[in-house]
file run_33.txt (compact mmCIF, C-alpha atoms)
# COMPACT_ATOMS: atom_id res chain seq x y z
CA MET C 1 17.16 -17.11 -17.51
CA THR C 2 13.37 -16.72 -17.45
CA ASP C 3 12.78 -20.46 -17.07
CA THR C 4 15.25 -20.60 -14.20
CA ILE C 5 13.62 -17.65 -12.41
CA SER C 6 10.14 -19.17 -12.69
CA VAL C 7 11.25 -22.59 -11.45
CA LEU C 8 13.31 -21.24 -8.54
CA GLN C 9 10.55 -18.81 -7.59
CA LEU C 10 7.98 -21.60 -7.46
CA LEU C 11 10.35 -23.78 -5.45
CA ARG C 12 10.87 -20.89 -3.03
CA LEU C 13 7.16 -20.18 -2.65
CA LYS C 14 5.92 -23.75 -2.46
CA GLY C 15 8.60 -24.90 -0.03
CA ARG C 16 8.58 -28.62 -0.75
CA THR C 17 6.81 -29.68 -3.90
CA THR C 18 6.72 -32.29 -6.65
CA VAL C 19 7.59 -32.26 -10.33
CA ALA C 20 3.90 -32.82 -11.11
CA ALA C 21 2.83 -29.78 -9.08
CA LEU C 22 5.52 -27.61 -10.66
CA ALA C 23 4.56 -28.77 -14.14
CA GLU C 24 0.91 -27.94 -13.46
CA SER C 25 1.80 -24.45 -12.24
CA LEU C 26 4.09 -23.81 -15.21
CA GLY C 27 1.58 -25.26 -17.66
CA ILE C 28 4.11 -27.66 -19.19
CA PRO C 29 4.47 -31.47 -19.44
CA GLU C 30 6.20 -33.20 -16.55
CA GLU C 31 9.02 -34.31 -18.87
CA SER C 32 9.76 -30.67 -19.79
CA CYS C 33 9.66 -29.72 -16.12
CA GLU C 34 12.18 -32.47 -15.30
CA THR C 35 14.47 -31.04 -18.00
CA ARG C 36 14.34 -27.60 -16.38
CA ILE C 37 14.87 -28.86 -12.85
CA ARG C 38 17.76 -31.27 -13.48
CA PRO C 39 20.44 -28.57 -14.10
CA LEU C 40 19.38 -26.78 -10.92
CA ILE C 41 19.85 -29.97 -8.93
CA ASP C 42 23.21 -30.63 -10.60
CA GLU C 43 24.34 -27.08 -9.72
CA GLY C 44 23.25 -27.42 -6.09
CA ARG C 45 20.49 -24.81 -6.46
CA ALA C 46 17.70 -27.29 -5.82
CA ILE C 47 17.53 -30.58 -3.98
CA GLU C 48 15.20 -33.56 -4.24
CA THR C 49 14.41 -35.65 -1.17
CA ASN C 50 11.87 -38.48 -1.18
CA GLY C 51 10.29 -37.14 -4.34
CA ARG C 52 9.98 -33.61 -2.98
CA LEU C 53 11.88 -30.64 -4.40
CA ARG C 54 12.99 -27.45 -2.70
CA ALA C 55 15.36 -24.57 -3.38
CA THR C 56 18.67 -24.61 -1.53
CA PRO C 57 20.17 -21.48 0.07
CA GLU C 58 22.40 -21.24 -3.00
CA GLY C 59 19.31 -21.44 -5.18
CA ARG C 60 17.59 -18.67 -3.27
CA GLU C 61 20.69 -16.49 -3.56
CA HIS C 62 20.85 -17.19 -7.28
CA LEU C 63 17.16 -16.27 -7.60
CA THR C 64 17.80 -12.93 -5.91
CA GLN C 65 20.57 -12.21 -8.42
CA LEU C 66 18.42 -13.24 -11.40
CA LEU C 67 15.53 -11.07 -10.26
CA ALA C 68 17.89 -8.09 -10.02
CA GLU C 69 19.09 -8.78 -13.56
CA GLU C 70 15.49 -9.04 -14.76
CA ARG C 71 14.54 -5.72 -13.14
CA ALA C 72 17.43 -4.06 -14.97
CA VAL C 73 15.78 -4.72 -18.33
CA LEU C 74 12.16 -4.07 -17.32
CA ASP C 75 10.31 -0.79 -17.73
CA THR C 76 10.35 0.07 -14.03
CA SER C 77 7.79 2.86 -14.31
CA GLU C 78 5.36 0.51 -16.07
CA VAL C 79 5.97 -2.19 -13.46
CA GLU C 80 5.18 0.33 -10.71
CA THR C 81 1.98 1.32 -12.50
CA LEU C 82 0.91 -2.29 -12.82
CA TYR C 83 1.76 -2.97 -9.19
CA ARG C 84 -0.39 -0.08 -7.99
CA GLU C 85 -3.30 -1.31 -10.08
CA PHE C 86 -2.80 -4.84 -8.78
CA ASP C 87 -2.83 -3.48 -5.25
CA SER C 88 -6.37 -2.16 -5.62
CA HIS C 89 -7.56 -5.61 -6.72
CA ASN C 90 -5.51 -7.16 -3.91
CA ASP C 91 -7.49 -5.20 -1.33
CA GLU C 92 -10.69 -6.63 -2.78
CA LEU C 93 -9.41 -10.20 -2.73
CA LYS C 94 -8.28 -9.78 0.88
CA SER C 95 -11.82 -8.72 1.75
CA LEU C 96 -13.26 -11.73 -0.07
CA MET C 97 -10.85 -14.05 1.74
CA THR C 98 -11.94 -12.62 5.09
CA ARG C 99 -15.60 -13.14 4.20
CA TRP C 100 -14.84 -16.67 3.03
CA GLN C 101 -13.23 -17.52 6.36
CA LEU C 102 -15.44 -15.51 8.74
CA LYS C 103 -19.17 -14.73 8.72
CA SER C 104 -18.59 -12.17 11.44
CA GLU C 105 -15.69 -11.10 13.63
CA ASP C 106 -16.15 -14.08 15.98
CA THR C 107 -18.07 -16.52 13.75
CA PRO C 108 -16.06 -18.77 11.45
CA ASN C 109 -17.64 -19.63 8.13
CA ASP C 110 -18.37 -23.38 8.30
CA HIS C 111 -19.66 -23.27 4.69
CA SER C 112 -23.05 -24.65 5.68
CA ASP C 113 -24.84 -21.59 4.25
CA ALA C 114 -24.86 -22.17 0.50
CA ASN C 115 -26.33 -18.74 -0.25
CA TYR C 116 -23.64 -16.96 1.77
CA ASP C 117 -20.86 -18.84 -0.04
CA ALA C 118 -22.53 -18.37 -3.44
CA ALA C 119 -22.56 -14.59 -2.97
CA ILE C 120 -18.82 -14.60 -2.29
CA ILE C 121 -18.16 -16.84 -5.30
CA ASP C 122 -20.17 -14.40 -7.45
CA ASP C 123 -18.02 -11.53 -6.17
CA LEU C 124 -14.83 -13.53 -6.84
CA THR C 125 -15.99 -14.27 -10.38
CA ALA C 126 -16.69 -10.58 -10.96
CA LEU C 127 -13.24 -9.69 -9.58
CA HIS C 128 -11.64 -12.27 -11.87
CA GLN C 129 -13.35 -10.72 -14.89
CA ARG C 130 -12.17 -7.23 -13.96
CA PHE C 131 -8.68 -8.45 -13.14
CA THR C 132 -8.09 -10.44 -16.34
CA PRO C 133 -7.27 -7.40 -18.56
CA LEU C 134 -4.70 -6.20 -16.02
CA LEU C 135 -3.18 -9.68 -15.91
CA ALA C 136 -2.82 -9.60 -19.70
CA ARG C 137 -0.94 -6.29 -19.42
CA ILE C 138 1.29 -7.73 -16.69
CA VAL C 139 2.23 -10.65 -18.95
CA THR C 140 2.97 -8.24 -21.80
CA VAL C 141 5.43 -6.30 -19.63
CA ILE C 142 6.83 -9.40 -17.86
CA PRO C 143 6.45 -12.29 -20.34
CA ARG C 144 7.93 -14.74 -17.84
CA LEU C 145 4.61 -14.58 -15.96
CA GLY C 146 2.73 -16.04 -18.90
CA HIS C 147 1.82 -19.17 -16.93
CA TYR C 148 -0.48 -17.23 -14.60
CA PRO C 149 -3.58 -16.64 -16.79
CA GLY C 150 -4.10 -20.37 -17.30
CA ARG C 151 -3.71 -21.03 -13.58
CA PHE C 152 -6.28 -18.40 -12.64
CA ASP C 153 -8.70 -19.62 -15.31
CA ARG C 154 -8.32 -23.22 -14.14
CA ALA C 155 -9.01 -22.29 -10.51
CA ILE C 156 -12.06 -20.12 -11.28
CA SER C 157 -13.39 -22.85 -13.59
CA ARG C 158 -13.16 -25.50 -10.86
CA ILE C 159 -14.90 -23.16 -8.44
CA GLY C 160 -17.60 -22.52 -11.03
CA TYR C 161 -18.15 -26.26 -11.47
CA GLY C 162 -18.88 -26.51 -7.76
CA ASP C 163 -15.55 -27.43 -6.15
CA HIS C 164 -15.39 -24.46 -3.81
CA SER C 165 -12.25 -25.78 -2.13
CA TRP C 166 -10.40 -24.22 -5.08
CA PHE C 167 -11.11 -20.80 -3.61
CA ALA C 168 -8.36 -21.28 -1.03
CA LYS C 169 -7.31 -24.94 -1.10
CA PRO C 170 -3.95 -25.41 0.67
CA LEU C 171 -1.09 -27.03 -1.25
CA ALA C 172 -2.95 -26.72 -4.57
CA ASP C 173 -3.25 -24.18 -7.37
CA SER C 174 -6.31 -22.62 -5.75
CA TYR C 175 -7.25 -19.05 -6.61
CA HIS C 176 -5.72 -17.81 -3.37
CA THR C 177 -2.49 -19.75 -3.97
CA VAL C 178 -2.06 -18.42 -7.50
CA TRP C 179 -2.86 -14.87 -6.39
CA PHE C 180 -0.31 -15.07 -3.58
CA GLU C 181 2.39 -16.34 -5.95
CA LEU C 182 1.66 -13.66 -8.56
CA HIS C 183 1.86 -11.05 -5.80
CA GLU C 184 5.28 -12.39 -4.83
CA ASP C 185 6.45 -12.22 -8.44
CA LEU C 186 5.25 -8.62 -8.73
CA ILE C 187 6.94 -7.72 -5.44
CA GLY C 188 10.19 -9.08 -6.87
CA ALA C 189 9.74 -7.33 -10.21
CA ALA C 190 9.10 -4.03 -8.44
CA GLY C 191 12.20 -4.42 -6.26
CA ARG C 192 10.19 -4.55 -3.05
CA THR C 193 10.18 -7.06 -0.20
CA ARG C 194 7.41 -9.05 1.44
CA ALA C 195 8.31 -7.42 4.78
CA ASP C 196 7.81 -3.96 3.28
CA GLU C 197 4.46 -4.97 1.80
CA ALA C 198 3.29 -6.56 5.05
CA ALA C 199 4.23 -3.43 6.98
CA ALA C 200 2.20 -1.37 4.49
CA GLY C 201 -0.78 -3.71 4.89
CA ARG C 202 -0.59 -4.98 1.31
CA ALA C 203 0.43 -8.58 2.03
CA LEU C 204 -2.23 -11.23 1.47
call {"tool": "encode", "arguments": {"input": "run_33.txt", "output": "structure tokens"}}
result
Amino acid sequence: MTDTISVLQLLRLKGRTTVAALAESLGIPEESCETRIRPLIDEGRAIETNGRLRATPEGREHLTQLLAEERAVLDTSEVETLYREFDSHNDELKSLMTRWQLKSEDTPNDHSDANYDAAIIDDLTALHQRFTPLLARIVTVIPRLGHYPGRFDRAISRIGYGDHSWFAKPLADSYHTVWFELHEDLIGAAGRTRADEAAAGRAL
């Protein structure tokens, strides 16, 4: 069940994606990823078109059911505790994202000021270091999320080596992408909805 949840959740979040991208996110070889995806396609829960995969409506419905079954065996009070702690880090990342995109309310960040960007990268690195112990606890409570630490480490490493696009690179496992997807998984584990979180100002 856990493999199916993770694959369907990634298909839902990424929209249209490739086996290679899914394998990278899951931290497994492409051949293993193909093995996990094939039954979902055969059951009509995923579809492949021109090399791109996506979840079908039946797949999304099945995911909702599987998440409910997963919540039934989780320690809900511990999940709530972890979610609240995540939320405090989420506020900080939202602030960093705003600074990364805007130098002021009406001045976009064109990334021509190396010192300005470096200060934000330093703050992101510090956030990552503080967040890592919480992430380890999250994985202990929800083992299915064990692919996240490697994804975060890979993104922060690429940023550290100078490829700053991995801060918020679209359609890639950038730090922002991985954070967003973890947030979605925690929303599901806590039995909440994205609409509820957006209304409360917690959506990224």
call {"tool": "residues_around", "arguments": {"input": "run_33.txt", "residues": "Arg60 of chain C", "least_positions_apart": "5", "cutoff": "8 Å", "atoms": "all atoms listed in the file", "output": "list of chain:residue names"}}
result
C:Leu8, C:Arg12, C:Arg45, C:Ala55
call {"tool": "closest_residue", "arguments": {"input": "run_33.txt", "among": "C:His183, C:Arg36, C:His147, C:Lys169", "to": "Phe86 of chain C", "atoms": "all atoms listed in the file"}}
result
C:His183
call {"tool": "closest_residue", "arguments": {"input": "run_33.txt", "among": "C:Ala190, C:Thr125, C:Leu96, C:Ile47", "to": "Val73 of chain C", "atoms": "all atoms listed in the file"}}
result
C:Ala190
call {"tool": "atom_distance", "arguments": {"input": "run_33.txt", "atom1": "atom CA of Thr132 of chain C", "atom2": "atom CA of Arg144 of chain C"}}
result
16.7 Å
call {"tool": "residues_around", "arguments": {"input": "run_33.txt", "residues": "His164 of chain C", "least_positions_apart": "6", "cutoff": "9 Å", "atoms": "all atoms listed in the file", "output": "PyMOL selection string"}}
result
chain C and resi 117+121+158
call {"tool": "atom_distance", "arguments": {"input": "run_33.txt", "atom1": "atom CA of Ser174 of chain C", "atom2": "atom CA of Ala155 of chain C"}}
result
5.5 Å
call {"tool": "closest_residue", "arguments": {"input": "run_33.txt", "among": "C:Val7, C:Ala21, C:Ala68, C:Val79", "to": "Ala46 of chain C", "atoms": "all atoms listed in the file"}}
result
C:Val7
call {"tool": "residues_around", "arguments": {"input": "run_33.txt", "residues": "segment 22-32 of chain C", "least_positions_apart": "4", "cutoff": "12 Å", "atoms": "all atoms listed in the file", "output": "number ranges by chain"}}
result
C: 2-18, 36-38, 52-54, 144-155, 171-175, 177-178, 181-182
call {"tool": "closest_residue", "arguments": {"input": "run_33.txt", "among": "C:Lys94, C:His128, C:Arg137, C:Arg99", "to": "Glu78 of chain C", "atoms": "all atoms listed in the file"}}
result
C:Arg137
call {"tool": "closest_residue", "arguments": {"input": "run_33.txt", "among": "C:Thr193, C:Ala20, C:Glu184, C:Phe131", "to": "Ser88 of chain C", "atoms": "all atoms listed in the file"}}
result
C:Phe131
call {"tool": "atom_distance", "arguments": {"input": "run_33.txt", "atom1": "atom CA of Asp87 of chain C", "atom2": "atom CA of Ala198 of chain C"}}
result
12.4 Å
call {"tool": "closest_residue", "arguments": {"input": "run_33.txt", "among": "C:Val19, C:Ala189, C:Ala72, C:Ile156", "to": "Asp122 of chain C", "atoms": "all atoms listed in the file"}}
result
C:Ile156
